[in-house]
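Following: one structure in C-alpha cells, then a few remarks.
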Amino acid sequence: MRIYNLDGLLKKYGEQFLILEFNHLFVSSSIREEVWLHQRKNDLALIDRIIQEAAEFNMNEVDADRDFETYSGGQKAILACLLTLALIRTRKTGGLKLLQNNILNSVSDENRLKLMQIFEKVRASHDVRLFTQKDDHLIEIFTGNDHSQK
C-alpha cells in the first residue's frame, strides 16, 4: 500500500473535503474520547450507536474505552467510518464531500459492501458525496462518474 503524504493531501483537498485517511484516522485513543472531542460532551447515545453498528460488522468486542491501537487496521477503518457517519446523522450535516483515502481497500469485501450500504443511506438522506482517489484523480462513488479535482 502506498504511503500518502497527509500534508499534501490536506493542501490539495482540505478546503473542499472532509478527509478520512487510513494512516490518520483518530486524534484520541478511544471512541469515548473521540466522541467527546467532536461533541464536547460524553454523548452516550452516539457512542451506543457506533458500538451497535460495529456489531453489524461482527465487531462484538468494541468498547467505548478500548484503545484504538488494540483493533486491527480494518477494524479501525470501520470504526472511523461509523463514527464519521454517526456524527453526520447526529448533527444533521448535509452537502458534505467526504474523501476516503485508503479506507475502502483496507476492509474485506463483505465489510466494504456493508459500509457502502450505510454510505448510500447517508448519501440519500444527507446529500453526502463520497470520493476516493485513484491515479491522482478523485472518483465519486455511487455515480460511476470520474469527478477529477485539480
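In the C-alpha cells, chains take the letters A, B, ... in the order shown, each chain's residues start at 1, and ligands count up from 1 in the order shown.
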- Message: Residues within 9 Å of segment 14-16 of chain A, please, as number ranges by chain. Count only C-alpha atoms; anything in the same chain fewer than 2 positions from it doesn't count.
- Response: A: 9-12, 18-19, 96-98
- Item | All strand (DSSP E) residues (DSSP, backbone) inside segment 68-131 of chain A, as a PyMOL selection string | chain A and resi 97-101+129-131
Mind writing the picked residues with C-alpha atoms as a short mmCIF file (atom, residue, chain, number, x, y, z; two decimals), in the first residue's frame?
```
data_model
loop_
_atom_site.label_atom_id
_atom_site.label_comp_id
_atom_site.auth_asym_id
_atom_site.auth_seq_id
_atom_site.Cartn_x
_atom_site.Cartn_y
_atom_site.Cartn_z
CA LYS A 97 -17.98 15.88 0.35
CA LEU A 98 -16.12 13.04 2.04
CA LEU A 99 -12.79 11.84 0.65
CA GLN A 100 -11.75 8.36 1.75
CA ASN A 101 -8.07 7.72 1.29
CA ARG A 129 -20.95 12.73 -1.61
CA LEU A 130 -18.27 10.06 -1.24
CA PHE A 131 -14.99 10.15 -3.14
#
```
- Message: Please identify the alpha helix (DSSP H) residues within segment 16-145 of chain A (assignment by DSSP from backbone atoms) and present them as a PyMOL selection string.
- Response: chain A and resi 31-39+44-55+73-91+109-126
Write out as a PDB file with N, CA, C and O atoms, in the first residue's frame which residues come within 8 Å of Arg66 of chain A when counting only C-alpha atoms, dropping same-chain ones fewer than 2 positions away.
```pdb
ATOM      1  N   SER A  29      -7.561   8.253  21.717  1.00  0.00           N
ATOM      2  CA  SER A  29      -7.224   6.833  21.831  1.00  0.00           C
ATOM      3  C   SER A  29      -8.425   5.908  21.997  1.00  0.00           C
ATOM      4  O   SER A  29      -8.242   4.696  22.036  1.00  0.00           O
ATOM      5  N   SER A  30      -9.650   6.445  22.085  1.00  0.00           N
ATOM      6  CA  SER A  30     -10.821   5.583  22.254  1.00  0.00           C
ATOM      7  C   SER A  30     -12.056   6.246  21.647  1.00  0.00           C
ATOM      8  O   SER A  30     -12.063   7.455  21.373  1.00  0.00           O
ATOM      9  N   ILE A  31     -13.087   5.457  21.476  1.00  0.00           N
ATOM     10  CA  ILE A  31     -14.340   6.000  20.946  1.00  0.00           C
ATOM     11  C   ILE A  31     -14.884   7.086  21.866  1.00  0.00           C
ATOM     12  O   ILE A  31     -15.297   8.149  21.404  1.00  0.00           O
ATOM     13  N   VAL A  62     -16.099  -4.373  20.593  1.00  0.00           N
ATOM     14  CA  VAL A  62     -15.914  -2.921  20.627  1.00  0.00           C
ATOM     15  C   VAL A  62     -16.422  -2.379  21.956  1.00  0.00           C
ATOM     16  O   VAL A  62     -17.503  -2.743  22.428  1.00  0.00           O
ATOM     17  N   ASP A  63     -15.627  -1.526  22.546  1.00  0.00           N
ATOM     18  CA  ASP A  63     -15.961  -0.901  23.825  1.00  0.00           C
ATOM     19  C   ASP A  63     -15.609   0.577  23.743  1.00  0.00           C
ATOM     20  O   ASP A  63     -14.622   0.940  23.092  1.00  0.00           O
ATOM     21  N   ALA A  64     -16.367   1.403  24.408  1.00  0.00           N
ATOM     22  CA  ALA A  64     -16.170   2.856  24.357  1.00  0.00           C
ATOM     23  C   ALA A  64     -14.780   3.282  24.816  1.00  0.00           C
ATOM     24  O   ALA A  64     -14.244   4.275  24.326  1.00  0.00           O
ATOM     25  N   PHE A  68      -7.762   2.355  20.568  1.00  0.00           N
ATOM     26  CA  PHE A  68      -7.831   2.088  19.131  1.00  0.00           C
ATOM     27  C   PHE A  68      -6.688   1.207  18.651  1.00  0.00           C
ATOM     28  O   PHE A  68      -6.843   0.441  17.707  1.00  0.00           O
ATOM     29  N   THR A  70      -5.573  -1.376  19.793  1.00  0.00           N
ATOM     30  CA  THR A  70      -5.802  -2.812  20.009  1.00  0.00           C
ATOM     31  C   THR A  70      -6.700  -3.417  18.929  1.00  0.00           C
ATOM     32  O   THR A  70      -6.930  -4.622  18.946  1.00  0.00           O
TER      33      THR A  70
END
```
- Message: Excluding Glu61 of chain A and its own-chain neighbours fewer than 3 positions away, which residues fall within 10 Å of it when counting only C-alpha atoms? Please give them as a list in words.
- Response: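 Residues near the query, excluding close chain neighbours: Ile51, Ala54, Ala55, Asn58, Arg66 and Tyr71 of chain A.
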Store the residues picked out above in a file with N, CA, C and O atoms, as a compact mmCIF listing (two decimals), in the first residue's frame.
```
# COMPACT_ATOMS: atom_id res chain seq x y z
N ILE A 51 -21.24 1.55 18.66
CA ILE A 51 -21.00 0.19 19.13
C ILE A 51 -22.02 -0.78 18.52
O ILE A 51 -21.65 -1.89 18.10
N ALA A 54 -21.13 -1.31 14.93
CA ALA A 54 -19.93 -2.14 14.84
C ALA A 54 -20.30 -3.62 14.98
O ALA A 54 -19.70 -4.47 14.31
N ALA A 55 -21.29 -3.92 15.80
CA ALA A 55 -21.72 -5.31 15.97
C ALA A 55 -22.26 -5.88 14.66
O ALA A 55 -22.16 -7.09 14.42
N ASN A 58 -19.75 -7.75 12.91
CA ASN A 58 -19.22 -8.81 13.77
C ASN A 58 -18.07 -8.33 14.64
O ASN A 58 -17.17 -9.10 14.99
N ARG A 66 -11.97 1.17 24.92
CA ARG A 66 -10.87 0.34 24.40
C ARG A 66 -9.96 1.17 23.51
O ARG A 66 -10.41 1.94 22.66
N TYR A 71 -7.19 -2.60 18.02
CA TYR A 71 -8.01 -3.09 16.90
C TYR A 71 -7.12 -3.31 15.68
O TYR A 71 -6.07 -2.67 15.54
```
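Interatomic distance, atom CA of Glu110 of chain A to atom CA of Asp135 of chain A: 24.7 Å.
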- Query: With only C-alpha atoms as the atoms that count, which of A:Gln39, A:Ser106, A:Asn60, A:Gln117 lies nearest to Leu83 of chain A?
  - Reply: A:Gln39
- Message: Excluding Asp109 of chain A and its own-chain neighbours fewer than 5 positions away, which residues fall within 12 Å of it when counting only C-alpha atoms? Please give them as a PyMOL selection string.
- Response: chain A and resi 57+74+104+114-116
